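Raw contents of work.cif, mmCIF, C-alpha atoms and all ligand atoms:
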```
data_final
loop_
_atom_site.label_atom_id
_atom_site.label_comp_id
_atom_site.auth_asym_id
_atom_site.auth_seq_id
_atom_site.Cartn_x
_atom_site.Cartn_y
_atom_site.Cartn_z
CA MET A 1 -36.63 94.38 22.73
CA ASN A 2 -34.63 91.23 23.57
CA LYS A 3 -33.83 88.47 21.14
CA VAL A 4 -34.60 84.89 22.21
CA ALA A 5 -33.33 81.76 20.43
CA LEU A 6 -35.73 78.81 20.63
CA ASN A 7 -33.75 75.58 20.09
CA PHE A 8 -35.79 72.46 19.30
CA SER A 9 -34.85 68.80 19.67
CA ASP A 10 -34.69 68.31 15.88
CA GLY A 11 -31.77 70.75 15.77
CA ARG A 12 -33.82 73.68 14.38
CA THR A 13 -33.55 77.15 15.92
CA LYS A 14 -36.09 79.95 15.62
CA PHE A 15 -35.46 83.51 16.78
CA ILE A 16 -38.11 85.77 18.26
CA GLY A 17 -38.16 89.33 19.56
CA VAL A 18 -39.65 89.70 23.05
CA ASN A 19 -41.00 93.10 24.12
CA ALA A 20 -40.53 94.44 27.65
CA GLY A 21 -43.20 92.91 29.92
CA GLU A 22 -44.27 90.32 27.33
CA THR A 23 -44.08 86.60 28.14
CA VAL A 24 -41.93 84.42 25.88
CA LEU A 25 -45.05 82.41 25.01
CA ASP A 26 -47.01 85.50 23.90
CA ALA A 27 -44.05 86.73 21.87
CA ALA A 28 -43.68 83.33 20.16
CA LEU A 29 -47.41 83.12 19.34
CA ARG A 30 -47.37 86.70 18.01
CA GLN A 31 -44.58 85.61 15.63
CA GLY A 32 -46.42 82.45 14.48
CA ILE A 33 -44.59 79.88 16.63
CA THR A 34 -47.23 77.83 18.41
CA ILE A 35 -45.37 76.50 21.47
CA PRO A 36 -47.69 73.77 22.90
CA VAL A 37 -49.76 75.13 25.79
CA ASP A 38 -52.63 74.09 27.96
CA CYS A 39 -53.28 75.99 31.20
CA ARG A 40 -51.25 79.19 30.50
CA GLU A 41 -51.15 79.56 34.28
CA GLY A 42 -47.89 77.85 35.26
CA VAL A 43 -49.56 74.61 36.35
CA CYS A 44 -49.39 72.01 33.57
CA ALA A 45 -45.75 72.37 32.36
CA THR A 46 -46.81 71.78 28.75
CA CYS A 47 -44.91 74.93 27.63
CA LYS A 48 -41.73 73.90 29.48
CA GLY A 49 -38.19 74.48 28.24
CA ARG A 50 -34.72 74.99 29.72
CA CYS A 51 -32.99 78.35 29.60
CA SER A 52 -29.31 77.75 28.82
CA SER A 53 -28.30 81.40 28.64
CA GLY A 54 -29.65 84.80 29.71
CA ASP A 55 -31.55 86.44 32.57
CA TYR A 56 -35.25 86.01 33.22
CA GLN A 57 -38.03 85.98 35.82
CA LEU A 58 -40.83 83.46 36.20
CA GLU A 59 -44.18 84.80 37.38
CA TYR A 60 -45.98 81.77 38.91
CA VAL A 61 -44.71 78.19 38.91
CA ASP A 62 -46.79 75.47 40.51
CA GLU A 63 -44.71 72.96 42.46
CA ASP A 64 -46.27 70.10 40.45
CA ALA A 65 -45.12 71.77 37.24
CA LEU A 66 -41.45 72.31 38.16
CA SER A 67 -39.61 71.10 41.24
CA GLN A 68 -36.93 73.10 43.04
CA SER A 69 -34.27 71.01 41.33
CA ASP A 70 -35.90 71.64 37.89
CA LEU A 71 -35.73 75.38 38.62
CA GLU A 72 -32.11 75.15 39.73
CA GLN A 73 -31.28 73.40 36.46
CA GLY A 74 -32.80 76.29 34.46
CA SER A 75 -36.20 74.78 33.59
CA VAL A 76 -38.70 77.48 32.64
CA LEU A 77 -42.39 77.78 31.81
CA THR A 78 -42.60 80.01 28.78
CA CYS A 79 -46.14 81.12 29.67
CA GLN A 80 -44.70 82.61 32.88
CA MET A 81 -41.32 83.76 31.59
CA ARG A 82 -40.27 87.38 31.07
CA VAL A 83 -36.72 87.99 29.87
CA ALA A 84 -34.29 90.63 31.11
CA SER A 85 -31.63 90.00 28.41
CA ASP A 86 -31.17 88.00 25.21
CA CYS A 87 -31.79 84.31 26.05
CA ALA A 88 -31.54 80.81 24.59
CA ILE A 89 -34.21 78.22 25.45
CA GLU A 90 -33.94 74.50 24.71
CA PHE A 91 -37.11 72.48 24.16
CA GLY A 92 -37.44 68.70 24.49
CA PHE A 93 -39.83 68.60 21.51
CA GLU A 94 -39.42 69.08 17.80
CA SER A 95 -40.04 72.35 15.94
CA THR A 96 -42.79 70.65 13.88
CA LEU A 97 -44.95 70.61 17.03
CA CYS A 98 -44.97 74.42 16.89
CA THR A 99 -46.24 74.92 13.37
CA SER A 100 -49.69 73.31 13.61
CA SER A 101 -52.72 75.53 14.04
CA GLY A 102 -53.24 74.19 17.59
CA PRO A 103 -55.93 71.93 19.02
CA GLU A 104 -59.29 71.60 17.30
CA GLU A 105 -62.70 70.91 18.82
CA LEU A 106 -64.28 67.57 17.88
CA GLU A 107 -67.65 65.92 18.42
CA ALA A 108 -67.47 62.22 19.30
CA VAL A 109 -69.82 59.49 20.48
CA ILE A 110 -69.11 57.09 23.36
CA THR A 111 -69.22 53.51 22.05
CA LYS A 112 -68.18 51.54 25.16
CA ILE A 113 -67.16 52.02 28.78
CA ASP A 114 -65.11 49.10 30.00
CA LEU A 115 -64.40 48.85 33.74
CA VAL A 116 -60.91 47.38 33.47
CA SER A 117 -60.12 47.42 37.21
CA GLU A 118 -61.76 48.49 40.46
CA SER A 119 -60.46 52.02 39.89
CA ALA A 120 -60.23 52.58 36.13
CA ALA A 121 -62.28 52.50 32.95
CA VAL A 122 -61.33 52.44 29.29
CA VAL A 123 -63.64 54.82 27.46
CA TYR A 124 -64.00 54.09 23.74
CA ILE A 125 -65.16 56.92 21.53
CA ASP A 126 -65.97 57.23 17.84
CA ALA A 127 -64.87 60.52 16.26
CA ARG A 128 -65.35 59.45 12.62
CA ALA A 129 -67.65 62.45 12.05
CA ARG A 130 -64.46 64.49 11.71
CA GLY A 131 -63.86 62.87 8.30
CA ASP A 132 -60.07 62.69 7.97
CA GLN A 133 -57.83 61.02 10.51
CA LEU A 134 -57.15 63.12 13.60
CA ASP A 135 -53.37 63.36 13.79
CA PHE A 136 -51.75 63.25 17.20
CA LEU A 137 -48.57 61.80 18.64
CA PRO A 138 -49.18 58.96 21.10
CA GLY A 139 -48.34 60.45 24.51
CA GLN A 140 -50.28 63.64 23.68
CA TYR A 141 -53.64 64.24 25.31
CA ALA A 142 -57.12 65.65 24.75
CA HIS A 143 -59.27 68.03 26.75
CA VAL A 144 -62.53 66.19 27.28
CA ASN A 145 -65.79 67.86 28.24
CA VAL A 146 -67.77 66.07 30.96
CA PRO A 147 -71.14 65.66 29.17
CA GLY A 148 -73.92 67.79 30.65
CA THR A 149 -71.46 70.13 32.41
CA GLU A 150 -69.10 72.99 31.58
CA GLU A 151 -66.16 71.05 33.07
CA TRP A 152 -63.19 69.86 31.01
CA ARG A 153 -60.55 67.30 32.03
CA SER A 154 -57.29 66.18 30.36
CA TYR A 155 -56.75 62.57 29.23
CA SER A 156 -53.85 60.97 27.36
CA PHE A 157 -54.79 59.00 24.28
CA ALA A 158 -54.56 55.28 25.09
CA CYS A 159 -54.32 54.33 21.40
CA ALA A 160 -52.50 55.29 18.24
CA PRO A 161 -54.17 57.57 15.65
CA ASN A 162 -56.23 55.63 13.10
CA GLU A 163 -58.18 56.29 9.90
CA THR A 164 -61.63 55.91 11.43
CA ASN A 165 -60.83 57.92 14.57
CA GLN A 166 -61.75 55.14 17.01
CA LEU A 167 -60.14 56.56 20.13
CA GLN A 168 -59.57 55.36 23.70
CA PHE A 169 -58.82 56.89 27.07
CA LEU A 170 -57.81 55.02 30.23
CA ILE A 171 -59.39 56.96 33.09
CA ARG A 172 -58.92 56.57 36.82
CA LEU A 173 -62.20 56.59 38.77
CA LEU A 174 -61.66 58.69 41.89
CA PRO A 175 -64.07 58.05 44.80
CA GLN A 176 -65.53 61.49 43.99
CA GLY A 177 -64.87 63.63 40.96
CA VAL A 178 -66.79 65.30 38.16
CA MET A 179 -65.59 62.97 35.38
CA SER A 180 -65.28 59.96 37.72
CA ASP A 181 -68.89 60.32 38.90
CA TYR A 182 -70.13 60.82 35.34
CA LEU A 183 -68.40 57.64 34.11
CA ARG A 184 -69.48 55.53 37.09
CA ASP A 185 -73.08 56.72 37.36
CA ARG A 186 -74.41 58.23 34.15
CA ALA A 187 -72.28 57.53 31.05
CA LYS A 188 -73.88 55.35 28.35
CA PRO A 189 -72.87 54.24 24.86
CA GLY A 190 -74.41 56.60 22.30
CA GLU A 191 -73.83 59.72 24.36
CA ARG A 192 -72.02 62.64 22.75
CA MET A 193 -68.69 63.89 24.06
CA LYS A 194 -66.74 67.02 23.03
CA LEU A 195 -62.93 67.00 22.84
CA LYS A 196 -60.15 69.45 22.08
CA ALA A 197 -57.02 67.81 20.70
CA PRO A 198 -54.16 67.30 20.27
CA LEU A 199 -52.43 68.89 23.26
CA GLY A 200 -49.10 68.48 25.02
CA ALA A 201 -45.45 67.93 24.26
CA PHE A 202 -45.02 64.40 25.69
CA TYR A 203 -44.48 61.96 22.82
CA LEU A 204 -42.08 59.29 21.60
CA HIS A 205 -38.98 60.89 20.10
CA GLN A 206 -36.79 59.27 17.46
CA ILE A 207 -35.55 56.01 18.97
CA LYS A 208 -31.77 55.69 19.08
CA ARG A 209 -31.19 54.15 22.53
CA PRO A 210 -32.95 51.65 24.83
CA LEU A 211 -36.31 52.94 26.03
CA ILE A 212 -37.54 52.88 29.61
CA PHE A 213 -41.23 53.58 30.17
CA VAL A 214 -42.39 54.19 33.75
CA ALA A 215 -46.15 54.28 34.33
CA GLY A 216 -47.94 55.14 37.57
CA GLY A 217 -51.61 54.04 37.63
CA THR A 218 -53.50 55.31 34.59
CA GLY A 219 -50.26 56.89 33.36
CA LEU A 220 -50.15 53.57 31.52
CA ALA A 221 -52.50 55.21 28.95
CA ALA A 222 -49.73 57.12 27.16
CA PHE A 223 -47.60 53.97 26.83
CA LEU A 224 -50.50 51.92 25.46
CA GLY A 225 -50.71 54.48 22.65
CA MET A 226 -46.93 54.49 22.06
CA LEU A 227 -46.75 50.68 22.05
CA ASP A 228 -49.75 50.43 19.67
CA GLN A 229 -47.83 52.67 17.31
CA LEU A 230 -44.63 50.60 17.61
CA VAL A 231 -46.58 47.40 16.89
CA GLU A 232 -47.89 49.05 13.69
CA ASN A 233 -44.41 50.33 12.75
CA PRO A 234 -41.91 47.80 14.15
CA GLU A 235 -39.15 49.19 11.90
CA ARG A 236 -39.11 52.35 14.09
CA CYS A 237 -37.56 50.48 17.01
CA ASP A 238 -34.72 47.97 17.16
CA GLN A 239 -33.84 48.93 20.75
CA PRO A 240 -34.93 47.18 23.97
CA ILE A 241 -38.12 48.65 25.53
CA THR A 242 -38.78 48.10 29.24
CA LEU A 243 -42.07 49.09 30.86
CA PHE A 244 -42.25 49.52 34.64
CA TYR A 245 -45.85 49.74 35.83
CA GLY A 246 -46.70 50.60 39.44
CA VAL A 247 -50.12 50.83 41.10
CA THR A 248 -51.42 51.25 44.64
CA GLN A 249 -53.14 47.89 45.01
CA VAL A 250 -53.56 44.70 43.00
CA ALA A 251 -57.16 45.64 42.14
CA ASP A 252 -55.82 48.70 40.27
CA LEU A 253 -53.75 46.67 37.78
CA CYS A 254 -55.34 46.79 34.35
CA GLU A 255 -54.75 46.09 30.66
CA ILE A 256 -52.31 43.30 31.56
CA GLU A 257 -53.52 41.12 28.65
CA ARG A 258 -52.90 44.00 26.27
CA ILE A 259 -49.39 44.45 27.71
CA GLN A 260 -48.75 40.72 27.29
CA GLN A 261 -49.80 41.00 23.65
CA PHE A 262 -47.22 43.76 23.16
CA ALA A 263 -44.62 41.36 24.56
CA GLU A 264 -45.68 38.74 21.97
CA LYS A 265 -45.58 41.21 19.08
CA LEU A 266 -42.49 43.23 19.98
CA PRO A 267 -39.48 40.94 20.50
CA ASN A 268 -37.50 43.63 22.35
CA PHE A 269 -40.25 44.44 24.84
CA SER A 270 -40.36 43.39 28.50
CA TYR A 271 -42.39 44.64 31.44
CA TYR A 272 -42.51 44.54 35.23
CA SER A 273 -45.43 45.38 37.55
CA ILE A 274 -45.37 46.29 41.22
CA VAL A 275 -48.11 47.06 43.78
CA MET A 276 -47.72 49.22 46.90
CA LYS A 277 -50.00 47.16 49.18
CA GLU A 278 -49.59 43.44 49.85
CA ALA A 279 -52.58 41.26 48.96
CA ALA A 280 -53.45 37.58 49.28
CA GLY A 281 -52.71 35.80 46.02
CA TRP A 282 -50.30 38.46 44.69
CA GLN A 283 -46.95 36.79 44.08
CA GLY A 284 -45.26 39.75 42.44
CA PRO A 285 -43.14 42.46 44.03
CA VAL A 286 -44.51 44.90 46.62
CA GLY A 287 -43.23 48.48 46.85
CA VAL A 288 -42.82 51.55 44.68
CA VAL A 289 -41.85 51.53 41.05
CA THR A 290 -38.23 52.54 41.66
CA ASP A 291 -37.83 49.31 43.70
CA LEU A 292 -37.96 47.48 40.35
CA PHE A 293 -35.01 49.35 38.88
CA GLU A 294 -31.67 47.59 38.53
CA ASP A 295 -28.48 49.08 37.16
CA SER A 296 -28.60 46.59 34.27
CA HIS A 297 -31.82 48.22 32.98
CA PHE A 298 -30.07 51.55 32.49
CA ASN A 299 -27.33 50.72 29.97
CA ASP A 300 -24.77 52.88 31.86
CA GLY A 301 -27.14 55.85 31.60
CA GLU A 302 -27.42 55.64 27.77
CA VAL A 303 -31.22 55.37 27.81
CA ASP A 304 -34.28 57.48 26.97
CA LEU A 305 -36.75 57.56 29.85
CA TYR A 306 -40.43 58.36 29.59
CA LEU A 307 -42.40 58.89 32.83
CA CYS A 308 -46.16 59.29 33.03
CA GLY A 309 -48.53 59.36 35.99
CA PRO A 310 -49.27 61.18 39.24
CA PRO A 311 -46.83 63.99 40.17
CA PRO A 312 -45.42 62.17 43.29
CA MET A 313 -44.46 59.16 41.16
CA VAL A 314 -42.82 61.29 38.47
CA ASP A 315 -40.91 63.27 41.14
CA ALA A 316 -39.82 60.07 42.94
CA VAL A 317 -38.41 58.60 39.73
CA LYS A 318 -36.66 61.86 38.82
CA GLY A 319 -35.21 61.99 42.37
CA TRP A 320 -33.95 58.40 42.01
CA LEU A 321 -32.27 59.30 38.72
CA ASP A 322 -30.79 62.56 40.09
CA GLU A 323 -29.11 60.62 42.90
CA ARG A 324 -27.41 58.40 40.34
CA GLU A 325 -26.30 61.31 38.15
CA MET A 326 -27.29 59.74 34.88
CA ALA A 327 -26.30 62.82 32.95
CA ASN A 328 -26.42 61.08 29.55
CA SER A 329 -29.99 59.83 29.82
CA ALA A 330 -32.87 61.89 28.40
CA ILE A 331 -35.99 62.23 30.54
CA HIS A 332 -39.42 63.07 29.14
CA TYR A 333 -42.40 63.18 31.46
CA GLU A 334 -46.10 63.97 31.81
CA LYS A 335 -47.57 64.66 35.24
CA PHE A 336 -51.26 63.89 35.73
CA SER A 337 -51.96 66.84 38.01
CA ALA A 338 -55.61 67.64 38.75
CA SER A 339 -56.92 69.24 35.55
C1 LIG B 401 -51.82 66.35 30.83
C2 LIG B 401 -52.72 65.48 31.69
C3 LIG B 401 -53.07 64.22 31.23
C4 LIG B 401 -53.89 63.40 32.03
N1 LIG B 401 -54.21 62.16 31.56
C5 LIG B 401 -54.94 61.34 32.34
C6 LIG B 401 -55.24 60.00 31.90
O1 LIG B 401 -54.88 59.56 30.81
N2 LIG B 401 -55.96 59.22 32.75
C7 LIG B 401 -56.39 59.68 33.97
O2 LIG B 401 -57.03 58.90 34.71
N3 LIG B 401 -56.13 60.93 34.40
C8 LIG B 401 -55.43 61.77 33.61
N4 LIG B 401 -55.18 63.05 34.05
C9 LIG B 401 -55.86 63.53 35.28
C10 LIG B 401 -57.31 63.95 34.88
O3 LIG B 401 -57.25 65.05 33.98
C11 LIG B 401 -58.23 64.39 36.03
O4 LIG B 401 -57.54 65.27 36.86
C12 LIG B 401 -58.74 63.21 36.86
O5 LIG B 401 -59.34 62.26 35.99
C13 LIG B 401 -59.79 63.68 37.90
O6 LIG B 401 -60.95 64.15 37.26
P1 LIG B 401 -62.37 64.11 37.99
O7 LIG B 401 -63.25 65.07 37.25
O8 LIG B 401 -62.84 62.71 38.17
O9 LIG B 401 -62.06 64.69 39.45
P2 LIG B 401 -62.13 66.28 39.95
O10 LIG B 401 -63.59 66.62 40.03
O11 LIG B 401 -61.28 67.06 39.02
O12 LIG B 401 -61.46 66.14 41.32
C14 LIG B 401 -62.09 65.56 42.49
C15 LIG B 401 -61.11 65.59 43.64
O13 LIG B 401 -60.00 64.71 43.36
C16 LIG B 401 -58.75 65.42 43.38
N5 LIG B 401 -57.96 64.89 42.27
C17 LIG B 401 -58.04 65.26 40.95
N6 LIG B 401 -57.15 64.57 40.21
C18 LIG B 401 -56.51 63.74 41.07
C19 LIG B 401 -55.49 62.77 40.92
N7 LIG B 401 -54.91 62.54 39.69
N8 LIG B 401 -55.08 62.10 42.00
C20 LIG B 401 -55.62 62.32 43.23
N9 LIG B 401 -56.59 63.24 43.44
C21 LIG B 401 -57.03 63.94 42.39
C22 LIG B 401 -59.12 66.87 43.18
O14 LIG B 401 -58.14 67.73 43.74
C23 LIG B 401 -60.46 66.96 43.88
O15 LIG B 401 -60.28 67.08 45.29
C24 LIG B 401 -54.37 63.88 33.28
C25 LIG B 401 -54.02 65.16 33.72
C26 LIG B 401 -53.20 65.95 32.95
C27 LIG B 401 -52.82 67.33 33.44
S1 LIG B 402 -49.14 76.29 29.52
FE1 LIG B 402 -47.46 77.00 30.67
S2 LIG B 402 -47.56 75.85 32.48
FE2 LIG B 402 -49.39 75.27 31.44
#
```
Re-express the file's structure as structure tokens.
Amino acid sequence: MNKVALNFSDGRTKFIGVNAGETVLDAALRQGITIPVDCREGVCATCKGRCSSGDYQLEYVDEDALSQSDLEQGSVLTCQMRVASDCAIEFGFESTLCTSSGPEELEAVITKIDLVSESAAVVYIDARARGDQLDFLPGQYAHVNVPGTEEWRSYSFACAPNETNQLQFLIRLLPQGVMSDYLRDRAKPGERMKLKAPLGAFYLHQIKRPLIFVAGGTGLAAFLGMLDQLVENPERCDQPITLFYGVTQVADLCEIERIQQFAEKLPNFSYYSIVMKEAAGWQGPVGVVTDLFEDSHFNDGEVDLYLCGPPPMVDAVKGWLDEREMANSAIHYEKFSAS
């Protein structure tokens, strides 16, 4: 049996024994440490860490979960990791995330479906039947059942937790898709919806440095939740917060009024939007989200970056940062791969 040290971002370390042939995830769960997981198949990267010492093999790693450069830097998926020696693994999340009993199944009711752009809807749901407040960290997500089917999809909460469990998701409407078709063609207020939550290890860590949020498309959802929480608890943040929000075309921009309200309520908050395709009447910048970045936003690399959206956007931003060798900055990300 090999001994593996699990080091969490709050400075705590837990030790587990890993049997020959056992994955690190299975060994941790067997010993009561609930590392956050979703797919268990090497696709979602929820169970990700970085191995700083020891020998190991990874079974399957989807290219959307970890890039070649992630692998070279020692990133691992614990659901796919078998160790060949004692190891140490660093996690970007706190140990408290590993002591809950895991996601629970909830019954909710759709109260409103708001088409906020040509390609996205905000779905409002009422989960007050649960009784107590559902606790989650803004940035985390839920598995949502597509009503009338056996299909489940992942969606980041687009709100902060609240006592009456009035929850929101910001959902991209693909031209064809199980959830997209349901929301466009059949969904009605009053319909029941099942969820499993909370899931994921993307959340706002303790704020000690300027924050940079980068949203691609409906990746904005996670930041709406984080900013809602900061508006409710302004004492948590005395650092500048900059949101960069990129979409494909002007018609995809959404929740701009809500973002403007954050700017009114949070004195340190500023935001920039960019669209990939030119359009009549659009006076803002055209290009990809990294075109908005200037050295002055990055405080000589002393920043905490949060990226959320489609895998190509997350990879492009990480590539941009790698080229500039911002070794002191911390990067947290959530990729919206097909779920
Ligand atoms: C952790 C996590 C959090 C997520 N949070 C959100 C969120 O807050 N808001 C949100 O809109 N989405 C989010 N997603 C993506 C979401 O779960 C679904 O994949 C997406 O909504 C498509 O579902 P669908 O049933 O409409 O399409 P499907 O029936 O699943 O797919 C239809 C077709 O579209 C392709 N496809 C699926 N997803 C995408 C995509 N993202 N881009 C391009 N093509 C795609 C499929 O490969 C398939 O060919 C998240 C994904 C993950 C893993
Ligand atoms: S739970 Fe390990 S990659 Fe999804």
For region 3-57 of chain A versus region 137-155 of chain A, which residues have an atom no more than 12 Å away, and what is each residue's nearest atom pair and distance in Å rounded to one decimal, using all atoms listed in the file, chain-then-number order, as a tab-separated table?
```
residue	atom	partner	partner_atom	distance
A:Pro36	CA	A:Gln140	CA	10.5
A:Val37	CA	A:Tyr141	CA	11.6
A:Asp38	CA	A:His143	CA	9.1
A:Cys39	CA	A:Ser154	CA	10.6
A:Cys44	CA	A:Ser154	CA	10.3
A:Thr46	CA	A:Gln140	CA	10.2
```
Quick one: residues within 10 Å of (-43.7, 43.0, 24.4) (file frame), counting all atoms listed in the file, please, as a CSV table (one decimal) with C-alpha atoms, keeping the file's coordinate frame.
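Everything below was put into result.csv:
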```csv
chain,number,residue,atom,x,y,z
A,227,LEU,CA,-46.8,50.7,22.0
A,231,VAL,CA,-46.6,47.4,16.9
A,240,PRO,CA,-34.9,47.2,24.0
A,241,ILE,CA,-38.1,48.6,25.5
A,242,THR,CA,-38.8,48.1,29.2
A,243,LEU,CA,-42.1,49.1,30.9
A,258,ARG,CA,-52.9,44.0,26.3
A,259,ILE,CA,-49.4,44.4,27.7
A,260,GLN,CA,-48.8,40.7,27.3
A,261,GLN,CA,-49.8,41.0,23.6
A,262,PHE,CA,-47.2,43.8,23.2
A,263,ALA,CA,-44.6,41.4,24.6
A,264,GLU,CA,-45.7,38.7,22.0
A,265,LYS,CA,-45.6,41.2,19.1
A,266,LEU,CA,-42.5,43.2,20.0
A,267,PRO,CA,-39.5,40.9,20.5
A,268,ASN,CA,-37.5,43.6,22.4
A,269,PHE,CA,-40.2,44.4,24.8
A,270,SER,CA,-40.4,43.4,28.5
A,271,TYR,CA,-42.4,44.6,31.4
```
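With all atoms listed in the file as the basis for measurement, A:Asp10 is the residue among A:Asp64, A:Asp132, A:Asp70, A:Asp10 that approaches Ser95 (chain A) most closely.
Counting only C-alpha atoms and all ligand atoms and comparing A:Val317, A:Ala338, A:Ala327, A:Cys237, the residue that lies closest to ligand LIG 401 (chain B) is A:Ala338.
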Return as JSON lines the residues of chain A lying at most 7 Å from ligand LIG 402 (chain B), together with the closest atom-to-atom pair for each and the distance in Å to one decimal, counting only C-alpha atoms and all ligand atoms, with rows in chain order and ascending residue number.
```
{"residue": "A:Val37", "atom": "CA", "partner": "B:LIG402", "partner_atom": "S1", "distance": 4.0}
{"residue": "A:Asp38", "atom": "CA", "partner": "B:LIG402", "partner_atom": "S1", "distance": 4.4}
{"residue": "A:Cys39", "atom": "CA", "partner": "B:LIG402", "partner_atom": "FE2", "distance": 4.0}
{"residue": "A:Arg40", "atom": "CA", "partner": "B:LIG402", "partner_atom": "S1", "distance": 3.7}
{"residue": "A:Glu41", "atom": "CA", "partner": "B:LIG402", "partner_atom": "FE2", "distance": 5.4}
{"residue": "A:Gly42", "atom": "CA", "partner": "B:LIG402", "partner_atom": "S2", "distance": 3.4}
{"residue": "A:Val43", "atom": "CA", "partner": "B:LIG402", "partner_atom": "S2", "distance": 4.5}
{"residue": "A:Cys44", "atom": "CA", "partner": "B:LIG402", "partner_atom": "FE2", "distance": 3.9}
{"residue": "A:Ala45", "atom": "CA", "partner": "B:LIG402", "partner_atom": "S2", "distance": 3.9}
{"residue": "A:Thr46", "atom": "CA", "partner": "B:LIG402", "partner_atom": "FE2", "distance": 5.1}
{"residue": "A:Cys47", "atom": "CA", "partner": "B:LIG402", "partner_atom": "FE1", "distance": 4.5}
{"residue": "A:Lys48", "atom": "CA", "partner": "B:LIG402", "partner_atom": "FE1", "distance": 6.6}
{"residue": "A:Ala65", "atom": "CA", "partner": "B:LIG402", "partner_atom": "S2", "distance": 6.7}
{"residue": "A:Leu77", "atom": "CA", "partner": "B:LIG402", "partner_atom": "FE1", "distance": 5.3}
{"residue": "A:Thr78", "atom": "CA", "partner": "B:LIG402", "partner_atom": "FE1", "distance": 6.0}
{"residue": "A:Cys79", "atom": "CA", "partner": "B:LIG402", "partner_atom": "FE1", "distance": 4.4}
{"residue": "A:Gln80", "atom": "CA", "partner": "B:LIG402", "partner_atom": "FE1", "distance": 6.6}
```
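Minimum atom-to-atom distance to ligand LIG 401 (chain B), evaluated using all atoms listed in the file, belongs to A:Arg172 out of A:Lys277, A:Arg209, A:Arg172, A:Lys194.
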Nearest-residue call for ligand LIG 401 (chain B), choices A:Ala187, A:Ile274, A:Val314, A:Leu174, using all atoms listed in the file
A:Leu174
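Each of A:Val109, A:Leu97, A:Leu71, A:Leu183 was compared to Pro198 (chain A) using all atoms listed in the file, and A:Leu97 turns out to be the nearest.
Relative to CA of Asp185 (chain A), atom C9 of ligand LIG 401 (chain B) is found at 18.6 Å.
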Restrict the calculation to only C-alpha atoms and all ligand atoms, then for each residue of chain A with any atom at most 7 Å from an atom of ligand LIG 401 (chain B) give the closest atom pair and their distance in Å to one decimal, rows by chain and rising residue number, as a Markdown table.
```
| residue | atom | partner | partner_atom | distance |
| --- | --- | --- | --- | --- |
| A:Cys44 | CA | B:LIG401 | C27 | 5.8 |
| A:Tyr141 | CA | B:LIG401 | C3 | 5.9 |
| A:Arg153 | CA | B:LIG401 | O3 | 4.4 |
| A:Ser154 | CA | B:LIG401 | O3 | 3.8 |
| A:Tyr155 | CA | B:LIG401 | N1 | 3.5 |
| A:Ser156 | CA | B:LIG401 | O1 | 3.9 |
| A:Phe157 | CA | B:LIG401 | O1 | 6.6 |
| A:Phe169 | CA | B:LIG401 | O1 | 6.1 |
| A:Leu170 | CA | B:LIG401 | N2 | 5.2 |
| A:Ile171 | CA | B:LIG401 | O2 | 3.5 |
| A:Arg172 | CA | B:LIG401 | O2 | 3.7 |
| A:Leu173 | CA | B:LIG401 | O8 | 6.2 |
| A:Leu174 | CA | B:LIG401 | O8 | 5.6 |
| A:Gln176 | CA | B:LIG401 | C14 | 5.5 |
| A:Gly177 | CA | B:LIG401 | O9 | 3.4 |
| A:Val178 | CA | B:LIG401 | O7 | 3.7 |
| A:Met179 | CA | B:LIG401 | O7 | 3.7 |
| A:Ser180 | CA | B:LIG401 | O8 | 3.7 |
| A:Asp181 | CA | B:LIG401 | O8 | 6.5 |
| A:Gly200 | CA | B:LIG401 | C1 | 6.8 |
| A:Thr218 | CA | B:LIG401 | N2 | 5.0 |
| A:Gly219 | CA | B:LIG401 | O1 | 5.9 |
| A:Ala221 | CA | B:LIG401 | O1 | 5.3 |
| A:Ala222 | CA | B:LIG401 | O1 | 6.8 |
| A:Pro310 | CA | B:LIG401 | N7 | 5.8 |
| A:Glu334 | CA | B:LIG401 | C1 | 6.3 |
| A:Lys335 | CA | B:LIG401 | C27 | 6.2 |
| A:Phe336 | CA | B:LIG401 | C25 | 3.6 |
| A:Ser337 | CA | B:LIG401 | C27 | 4.7 |
| A:Ala338 | CA | B:LIG401 | O4 | 3.6 |
| A:Ser339 | CA | B:LIG401 | O4 | 4.2 |
```
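The smallest atom-to-atom distance between Arg82 (chain A) and any of A:Met226, A:Leu220, A:Leu58, A:Leu204, using only C-alpha atoms, is found for A:Leu58.
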